[in-house]
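Notes follow the structure.
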Amino acid sequence: MYIVTGGAGFIGSAMVWKLNQMGIDDILVVDNLAKSEKWKNLVNLRYEDYLHRDQFLKLILEGDDPFETEGVIHMGACSSTTELDADFLMENNYRYSQYVCRFCIENNARFINASSAATYGDGQHGFDDDHEGISRLQPLNMYGYSKQLFDMWALKAGLLNQIASLKFFNVFGPNEYHKDDMRSVICKAYRQIGETGQLKLFKSYREEYEHGGQRRDFVYVKDCVDIMAWLLEHREAGGVFNVGTGTAKTWNDLANAVFAAMEREPNVEYIEMPEQIRDKYQYFTEAKMQKLRDAGCDVEMTPLEEAAKDYVRNYLAQDDPYLKS
């Protein structure tokens with residue numbers, strides 16, 4: 001059985017979809033559905049069973065493996081970059097991940113973990129996913145710090161080369177609709193443009209960047225799950241790996257891609273950035289992808305324009321925008 005924690009969430013449900021595409025439906029989905037709309041991500045997918053995250057943790061802490069686990073894709077975490085409850089993030093993101101990792105190591109199961117590009121902070125130390133530089137990184141928010149702590153723990157425990165911990169950059173795509181303010185700009189832009197004919201982007205507060213010229217590495221969720229599928233089949237590939245396209249694009253590039261996918265002329269208004277996030281804003285991110293390539297991963301990353309077109313026309317514009325098995 002494959003276990004996907006956070007399996008009703010954005011990347012987690014996309015990974016269940018990918019496993020279905022591979023002919024696999026012996027899947028345990030672990031999550032905390034509560035009163036959210038995440039359950040809708042599961043409707044079109046095939047899986048064996050569902051467990052609440054607390055029940056799953058209780059079972060694995062008992063020591064035995066009741067699931068005959070082939071691998072755990074651990075996407076379960078609080079992904080809000082504005083979450084202020086540090087104790088919650090320590091337990092939910094850091095400590096919980098330790099328990100799941102130990103469970104996999106002890107039961108010879110593949111462990112794929114969701115780290116984050118938020119660990120790179122403002123990028124002053126670059127975006128290289130080499131292990132030697134992990135301790136130098138300084139995340140700008142508690143979410144990034146919780147992910148950084150796990151990578152440092154795995155390194156110090158001598159486990160990092162036995163697992164794959166993935167630093168996702170700006171991921172977008174189907175099944176992110178429940179994320180409210182944490183949805184990608186493409187997802188928000190589609191509705192905003194449809195309702196007003198215009199897209200609002202933050203102004204730049206650095207002279208070297210024009211308004212909308214801030215650059216990010218935008219990566220399609222379908223490429224992310226292709227990489228994870230490759231890692232499931234290549235257990236010899238271990239360590240921290242960046243997951244991005246390797247090519248930074250501006251917010252203006254992204255805006256133009258969405259307008260083009262919607263067959264509309266670009267119309268962008270630049271607005272003030274809230275003061276509380278100005279000193280924590282990343283002006284540039286770009287994944288260094290050579291390490292994953294050197295490991296043998298040959299997944300081709302989808303260009304932003306092509307990915308935006310697929311997302312807008314085949315999902316956002318459809319009555320049922322969810323991934324289908």
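Residues are named by chain letter and number: chains run A, B, ... in the order of the structure tokens, numbers start at 1 in each chain, and ligands are numbered from 1 in the order shown.
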Taking a cut-off of 8 Å and counting only C-alpha atoms, can you build a table that, for each residue of stretch 232-288 of chain A near stretch 115-136 of chain A, reports the nearest atom pair and how far apart they are in Å (one decimal), sorted by chain then residue number, as JSON lines?
```
{"residue": "A:Gly239", "atom": "CA", "partner": "A:His131", "partner_atom": "CA", "distance": 7.7}
{"residue": "A:Val240", "atom": "CA", "partner": "A:Asp129", "partner_atom": "CA", "distance": 6.1}
{"residue": "A:Phe241", "atom": "CA", "partner": "A:Asp129", "partner_atom": "CA", "distance": 5.8}
{"residue": "A:Asn242", "atom": "CA", "partner": "A:Asp129", "partner_atom": "CA", "distance": 6.1}
{"residue": "A:Lys280", "atom": "CA", "partner": "A:Asp122", "partner_atom": "CA", "distance": 7.5}
{"residue": "A:Tyr281", "atom": "CA", "partner": "A:Asp122", "partner_atom": "CA", "distance": 7.4}
{"residue": "A:Gln282", "atom": "CA", "partner": "A:Asp122", "partner_atom": "CA", "distance": 5.4}
{"residue": "A:Tyr283", "atom": "CA", "partner": "A:Asp122", "partner_atom": "CA", "distance": 7.6}
{"residue": "A:Phe284", "atom": "CA", "partner": "A:Gly123", "partner_atom": "CA", "distance": 7.3}
{"residue": "A:Thr285", "atom": "CA", "partner": "A:Gly123", "partner_atom": "CA", "distance": 7.0}
{"residue": "A:Glu286", "atom": "CA", "partner": "A:Phe127", "partner_atom": "CA", "distance": 6.7}
{"residue": "A:Ala287", "atom": "CA", "partner": "A:Phe127", "partner_atom": "CA", "distance": 5.9}
{"residue": "A:Lys288", "atom": "CA", "partner": "A:Asp128", "partner_atom": "CA", "distance": 5.6}
```
With N, CA, C and O atoms retained, export the selected residues as a PDB file, in the first residue's frame.
```pdb
ATOM      1  N   GLY A 239      18.106  12.428  -0.583  1.00  0.00           N
ATOM      2  CA  GLY A 239      18.578  13.738  -0.171  1.00  0.00           C
ATOM      3  C   GLY A 239      17.533  14.813  -0.380  1.00  0.00           C
ATOM      4  O   GLY A 239      16.365  14.543  -0.668  1.00  0.00           O
ATOM      5  N   VAL A 240      17.972  16.055  -0.223  1.00  0.00           N
ATOM      6  CA  VAL A 240      17.123  17.210  -0.496  1.00  0.00           C
ATOM      7  C   VAL A 240      17.191  17.524  -1.986  1.00  0.00           C
ATOM      8  O   VAL A 240      18.275  17.545  -2.576  1.00  0.00           O
ATOM      9  N   PHE A 241      16.033  17.747  -2.595  1.00  0.00           N
ATOM     10  CA  PHE A 241      15.986  18.095  -4.014  1.00  0.00           C
ATOM     11  C   PHE A 241      15.064  19.292  -4.218  1.00  0.00           C
ATOM     12  O   PHE A 241      13.957  19.334  -3.667  1.00  0.00           O
ATOM     13  N   ASN A 242      15.515  20.246  -5.012  1.00  0.00           N
ATOM     14  CA  ASN A 242      14.625  21.323  -5.450  1.00  0.00           C
ATOM     15  C   ASN A 242      13.601  20.786  -6.437  1.00  0.00           C
ATOM     16  O   ASN A 242      13.908  19.898  -7.237  1.00  0.00           O
ATOM     17  N   LYS A 280       9.363  40.646   4.326  1.00  0.00           N
ATOM     18  CA  LYS A 280       9.446  39.194   4.229  1.00  0.00           C
ATOM     19  C   LYS A 280       9.180  38.702   2.807  1.00  0.00           C
ATOM     20  O   LYS A 280       9.046  37.503   2.572  1.00  0.00           O
ATOM     21  N   TYR A 281       9.120  39.625   1.871  1.00  0.00           N
ATOM     22  CA  TYR A 281       8.742  39.285   0.509  1.00  0.00           C
ATOM     23  C   TYR A 281       9.952  38.804  -0.294  1.00  0.00           C
ATOM     24  O   TYR A 281      11.017  39.429  -0.268  1.00  0.00           O
ATOM     25  N   GLN A 282       9.779  37.693  -0.985  1.00  0.00           N
ATOM     26  CA  GLN A 282      10.838  37.153  -1.834  1.00  0.00           C
ATOM     27  C   GLN A 282      10.744  37.793  -3.227  1.00  0.00           C
ATOM     28  O   GLN A 282       9.744  37.632  -3.911  1.00  0.00           O
ATOM     29  N   TYR A 283      11.789  38.531  -3.617  1.00  0.00           N
ATOM     30  CA  TYR A 283      11.803  39.173  -4.919  1.00  0.00           C
ATOM     31  C   TYR A 283      12.321  38.258  -6.022  1.00  0.00           C
ATOM     32  O   TYR A 283      12.091  38.505  -7.200  1.00  0.00           O
ATOM     33  N   PHE A 284      13.033  37.212  -5.637  1.00  0.00           N
ATOM     34  CA  PHE A 284      13.590  36.316  -6.647  1.00  0.00           C
ATOM     35  C   PHE A 284      13.729  34.915  -6.074  1.00  0.00           C
ATOM     36  O   PHE A 284      14.271  34.723  -4.980  1.00  0.00           O
ATOM     37  N   THR A 285      13.196  33.938  -6.788  1.00  0.00           N
ATOM     38  CA  THR A 285      13.436  32.528  -6.475  1.00  0.00           C
ATOM     39  C   THR A 285      13.662  31.786  -7.778  1.00  0.00           C
ATOM     40  O   THR A 285      12.989  32.057  -8.786  1.00  0.00           O
ATOM     41  N   GLU A 286      14.612  30.874  -7.772  1.00  0.00           N
ATOM     42  CA  GLU A 286      14.869  30.064  -8.965  1.00  0.00           C
ATOM     43  C   GLU A 286      15.543  28.766  -8.537  1.00  0.00           C
ATOM     44  O   GLU A 286      16.633  28.777  -7.980  1.00  0.00           O
ATOM     45  N   ALA A 287      14.872  27.678  -8.761  1.00  0.00           N
ATOM     46  CA  ALA A 287      15.382  26.376  -8.339  1.00  0.00           C
ATOM     47  C   ALA A 287      16.612  25.976  -9.146  1.00  0.00           C
ATOM     48  O   ALA A 287      16.612  26.085 -10.380  1.00  0.00           O
ATOM     49  N   LYS A 288      17.633  25.533  -8.450  1.00  0.00           N
ATOM     50  CA  LYS A 288      18.762  24.887  -9.105  1.00  0.00           C
ATOM     51  C   LYS A 288      18.402  23.409  -9.252  1.00  0.00           C
ATOM     52  O   LYS A 288      18.254  22.703  -8.262  1.00  0.00           O
TER      53      LYS A 288
END
```
Worksheet item: Using the chain letters and numbers from this document, which residues of stretch 91-249 of chain A does DSSP assign to strand (DSSP E), as a ChimeraX atom specification?
Response: /A:110-116,164-168,170-172,199-202,215-216,218-220,239-243,249
Practice prompt. Identify which of the residues A:Tyr190, A:Phe218, A:Phe56, A:Trp17 lies closest to A:Ala307, counting only C-alpha atoms when measuring atom-to-atom distances.
Written response: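 Smallest distance to A:Ala307 is found for A:Phe218.
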Fill in: Distance query A:Leu292 at most 12 Å, only C-alpha atoms, self and fewer than 5 positions along chain excluded, as a PyMOL selection string
chain A and resi 128-130+164-167+227-228+230-231+234+237-246+287+297-300
Item to complete: Would you list the contacts of A:Ser80 as a PyMOL selection string, taking every protein, DNA or RNA residue within 8 Å and counting only C-alpha atoms, but skipping same-chain residues closer than 3 positions in sequence?
Response: chain A and resi 83+143+182
Item to complete: Considering only C-alpha atoms, return as a list in words whatever protein or nucleic-acid residues lie within 12 Å of A:Ser36, sequence-local ones (same chain, fewer than 5 positions apart) excluded.
Response: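 Neighbouring residues, sequence-local ones excluded: Ala8, Gly9, Asp31, Asn41, Tyr177, His178, Lys179 and Asp180 of chain A.
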Those selected residues, please, written with N, CA and C atoms and delivered as a short mmCIF file (atom, residue, chain, number, x, y, z; two decimals), in the first residue's frame.
```cif
data_model
loop_
_atom_site.label_atom_id
_atom_site.label_comp_id
_atom_site.auth_asym_id
_atom_site.auth_seq_id
_atom_site.Cartn_x
_atom_site.Cartn_y
_atom_site.Cartn_z
N ALA A 8 -5.80 14.72 0.76
CA ALA A 8 -6.94 15.47 0.23
C ALA A 8 -6.56 16.90 -0.10
N GLY A 9 -5.32 17.26 0.19
CA GLY A 9 -4.85 18.61 -0.10
C GLY A 9 -4.43 18.79 -1.54
N ASP A 31 -5.42 12.53 6.25
CA ASP A 31 -5.63 13.98 6.22
C ASP A 31 -6.47 14.40 7.43
N ASN A 41 -11.61 17.26 -3.54
CA ASN A 41 -10.45 16.82 -4.30
C ASN A 41 -10.39 15.31 -4.46
N TYR A 177 -8.19 24.67 -4.96
CA TYR A 177 -9.30 25.61 -4.79
C TYR A 177 -9.70 25.84 -3.34
N HIS A 178 -9.39 24.90 -2.47
CA HIS A 178 -9.77 25.01 -1.05
C HIS A 178 -8.81 25.88 -0.25
N LYS A 179 -7.73 26.35 -0.85
CA LYS A 179 -6.64 26.99 -0.11
C LYS A 179 -6.87 28.47 0.19
N ASP A 180 -7.99 29.01 -0.21
CA ASP A 180 -8.34 30.40 0.09
C ASP A 180 -7.21 31.35 -0.32
#
```
Worksheet item: Of the candidates A:Met15, A:Ala317, A:Met1, A:Ile163, which one gets nearest to A:Arg110 if we count only C-alpha atoms?
Response: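 Ranked by minimum distance to A:Arg110, first place goes to A:Ile163.
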Fill in: Non-local contacts of stretch 96-100 of chain A (12 Å; only C-alpha atoms; under 5 positions in same chain excluded) as number ranges by chain
A: 3-6, 30, 53-54, 56-63, 65, 69, 71-78, 88-91, 105-107, 109-115, 146-155, 157, 159-160, 163, 165
How about saving the chosen residues, N, CA and C atoms kept, as a short mmCIF file (atom, residue, chain, number, x, y, z; two decimals), in the first residue's frame?
```
data_model
loop_
_atom_site.label_atom_id
_atom_site.label_comp_id
_atom_site.auth_asym_id
_atom_site.auth_seq_id
_atom_site.Cartn_x
_atom_site.Cartn_y
_atom_site.Cartn_z
N ILE A 3 0.87 5.25 1.01
CA ILE A 3 0.19 6.16 1.92
C ILE A 3 0.51 7.59 1.50
N VAL A 4 -0.53 8.40 1.36
CA VAL A 4 -0.34 9.80 1.00
C VAL A 4 -0.91 10.65 2.13
N THR A 5 -0.04 11.25 2.93
CA THR A 5 -0.52 12.16 3.96
C THR A 5 -0.80 13.52 3.31
N GLY A 6 -1.78 14.20 3.86
CA GLY A 6 -2.24 15.40 3.17
C GLY A 6 -2.87 15.03 1.85
N VAL A 30 -4.40 9.98 4.14
CA VAL A 30 -4.35 10.49 5.51
C VAL A 30 -4.51 12.00 5.46
N ARG A 53 -5.44 12.16 10.45
CA ARG A 53 -4.00 12.22 10.71
C ARG A 53 -3.64 11.77 12.13
N ASP A 54 -4.52 12.04 13.11
CA ASP A 54 -4.23 11.64 14.48
C ASP A 54 -4.33 10.12 14.65
N PHE A 56 -3.77 7.95 12.26
CA PHE A 56 -2.60 7.40 11.57
C PHE A 56 -1.37 7.49 12.45
N LEU A 57 -1.16 8.62 13.09
CA LEU A 57 -0.01 8.79 13.96
C LEU A 57 -0.04 7.78 15.10
N LYS A 58 -1.19 7.58 15.69
CA LYS A 58 -1.32 6.61 16.78
C LYS A 58 -0.93 5.22 16.32
N LEU A 59 -1.36 4.84 15.14
CA LEU A 59 -1.06 3.50 14.62
C LEU A 59 0.43 3.31 14.36
N ILE A 60 1.08 4.30 13.76
CA ILE A 60 2.49 4.10 13.43
C ILE A 60 3.38 4.17 14.67
N LEU A 61 2.92 4.88 15.70
CA LEU A 61 3.71 4.95 16.93
C LEU A 61 3.64 3.66 17.73
N GLU A 62 2.70 2.79 17.40
CA GLU A 62 2.60 1.50 18.08
C GLU A 62 3.70 0.54 17.65
N GLY A 63 4.40 0.89 16.57
CA GLY A 63 5.59 0.12 16.21
C GLY A 63 5.45 -0.80 15.02
N ASP A 65 3.78 -2.30 11.39
CA ASP A 65 3.28 -1.73 10.14
C ASP A 65 2.03 -2.48 9.72
N THR A 69 3.42 -1.23 4.07
CA THR A 69 3.66 0.02 3.34
C THR A 69 4.80 -0.10 2.33
N GLY A 71 5.43 2.75 0.37
CA GLY A 71 6.00 4.08 0.44
C GLY A 71 5.02 5.07 1.02
N VAL A 72 5.56 6.13 1.64
CA VAL A 72 4.74 7.21 2.17
C VAL A 72 5.13 8.50 1.46
N ILE A 73 4.15 9.14 0.86
CA ILE A 73 4.35 10.46 0.26
C ILE A 73 3.78 11.45 1.25
N HIS A 74 4.66 12.09 1.99
CA HIS A 74 4.26 12.90 3.14
C HIS A 74 4.09 14.36 2.74
N MET A 75 2.86 14.69 2.31
CA MET A 75 2.54 16.05 1.92
C MET A 75 1.74 16.77 3.00
N GLY A 76 1.39 16.07 4.08
CA GLY A 76 0.57 16.64 5.13
C GLY A 76 1.34 17.65 5.97
N ALA A 77 0.82 18.86 6.03
CA ALA A 77 1.44 19.93 6.83
C ALA A 77 0.54 21.15 6.77
N CYS A 78 0.76 22.06 7.70
CA CYS A 78 0.16 23.38 7.58
C CYS A 78 1.05 24.18 6.66
N PHE A 88 2.14 24.98 17.23
CA PHE A 88 1.37 24.13 16.32
C PHE A 88 2.24 23.69 15.14
N LEU A 89 3.00 24.61 14.55
CA LEU A 89 3.85 24.27 13.42
C LEU A 89 4.96 23.31 13.83
N MET A 90 5.48 23.47 15.04
CA MET A 90 6.51 22.56 15.53
C MET A 90 5.98 21.13 15.61
N GLU A 91 4.79 20.97 16.14
CA GLU A 91 4.22 19.63 16.29
C GLU A 91 3.70 19.09 14.98
N ILE A 105 11.68 4.37 7.70
CA ILE A 105 13.03 3.81 7.81
C ILE A 105 12.98 2.44 8.48
N GLU A 106 12.21 2.33 9.55
CA GLU A 106 12.14 1.08 10.31
C GLU A 106 11.43 -0.03 9.53
N ASN A 107 10.57 0.35 8.58
CA ASN A 107 9.81 -0.65 7.83
C ASN A 107 10.23 -0.75 6.37
N ALA A 109 10.30 1.31 3.97
CA ALA A 109 9.36 1.92 3.02
C ALA A 109 9.96 3.22 2.47
N ARG A 110 9.67 3.52 1.25
CA ARG A 110 10.16 4.76 0.65
C ARG A 110 9.50 5.94 1.33
N PHE A 111 10.27 6.99 1.65
CA PHE A 111 9.73 8.18 2.29
C PHE A 111 10.05 9.39 1.42
N ILE A 112 8.98 10.06 0.96
CA ILE A 112 9.11 11.29 0.20
C ILE A 112 8.43 12.39 0.99
N ASN A 113 9.18 13.42 1.32
CA ASN A 113 8.73 14.47 2.22
C ASN A 113 8.58 15.80 1.48
N ALA A 114 7.59 16.58 1.91
CA ALA A 114 7.43 17.92 1.36
C ALA A 114 8.20 18.91 2.21
N SER A 115 9.32 19.38 1.68
CA SER A 115 10.00 20.52 2.27
C SER A 115 9.46 21.76 1.54
N SER A 146 9.87 25.60 10.09
CA SER A 146 9.46 24.24 10.48
C SER A 146 9.95 23.22 9.45
N LYS A 147 9.96 23.59 8.18
CA LYS A 147 10.46 22.70 7.14
C LYS A 147 11.98 22.59 7.20
N GLN A 148 12.62 23.70 7.49
CA GLN A 148 14.07 23.72 7.61
C GLN A 148 14.53 22.81 8.76
N LEU A 149 13.80 22.86 9.87
CA LEU A 149 14.18 22.04 11.03
C LEU A 149 14.15 20.56 10.71
N PHE A 150 13.16 20.13 9.92
CA PHE A 150 13.11 18.70 9.59
C PHE A 150 14.31 18.31 8.72
N ASP A 151 14.63 19.11 7.72
CA ASP A 151 15.78 18.78 6.87
C ASP A 151 17.07 18.72 7.68
N MET A 152 17.23 19.64 8.63
CA MET A 152 18.42 19.65 9.47
C MET A 152 18.45 18.42 10.38
N TRP A 153 17.29 18.06 10.92
CA TRP A 153 17.21 16.86 11.78
C TRP A 153 17.58 15.61 11.00
N ALA A 154 17.01 15.46 9.79
CA ALA A 154 17.30 14.27 8.97
C ALA A 154 18.77 14.20 8.60
N LEU A 155 19.38 15.36 8.36
CA LEU A 155 20.80 15.40 8.03
C LEU A 155 21.64 14.96 9.23
N ALA A 157 20.71 13.21 11.77
CA ALA A 157 20.41 11.83 12.14
C ALA A 157 20.98 10.82 11.15
N LEU A 159 19.94 10.35 8.08
CA LEU A 159 18.84 9.73 7.34
C LEU A 159 18.57 10.40 5.99
N LEU A 160 19.16 11.56 5.76
CA LEU A 160 18.75 12.37 4.60
C LEU A 160 19.00 11.66 3.27
N ILE A 163 16.13 9.18 2.20
CA ILE A 163 14.79 9.69 1.90
C ILE A 163 14.90 10.72 0.79
N SER A 165 13.56 14.63 0.29
CA SER A 165 12.87 15.78 0.86
C SER A 165 12.85 16.87 -0.20
#
```
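Distances to A:Glu305 were evaluated for A:Glu269, A:Asp320, A:Asp253, A:Asp26 using only C-alpha atoms, and the minimum falls at A:Asp253.
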Discussion item. I need the residues in stretch 94-158 of chain A that are helix (DSSP H, G or I) according to DSSP; give them as number ranges by chain.
Written reply: A: 94-106, 117-120, 131-136, 142-156
Worksheet item: Quick one: of A:Leu45, A:Cys187, A:Leu316, A:Ala34, who's nearest to A:Leu254, counting only C-alpha atoms?
Response: A:Cys187
Item to complete: State, in Å with one decimal place, the distance from atom CA of A:Asp279 to atom CA of A:Thr82.
Response: 13.3 Å
Practice prompt. Could you check how far atom CA of A:Glu68 sits from atom CA of A:Gly12, in Å to one decimal?
Written response: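 Value for the atom CA of A:Glu68-atom CA of A:Gly12 distance: 20.1 Å.
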Worksheet item: Quick one: residues within 12 Å of A:Leu199, only C-alpha atoms counted, chain neighbours fewer than 6 positions away excluded, as a list in words?
Response: Val185, Ile186, Cys187, Lys188, Ala189, Tyr190, Arg191, Gln192, Ile193, Gly212, Trp251, Asn252, Leu254, Ala255, Asn256, Ala257, Val258, Phe259, Arg264, Glu265, Pro266, Asn267, Val268, Glu269, Tyr270 and Ile271 of chain A
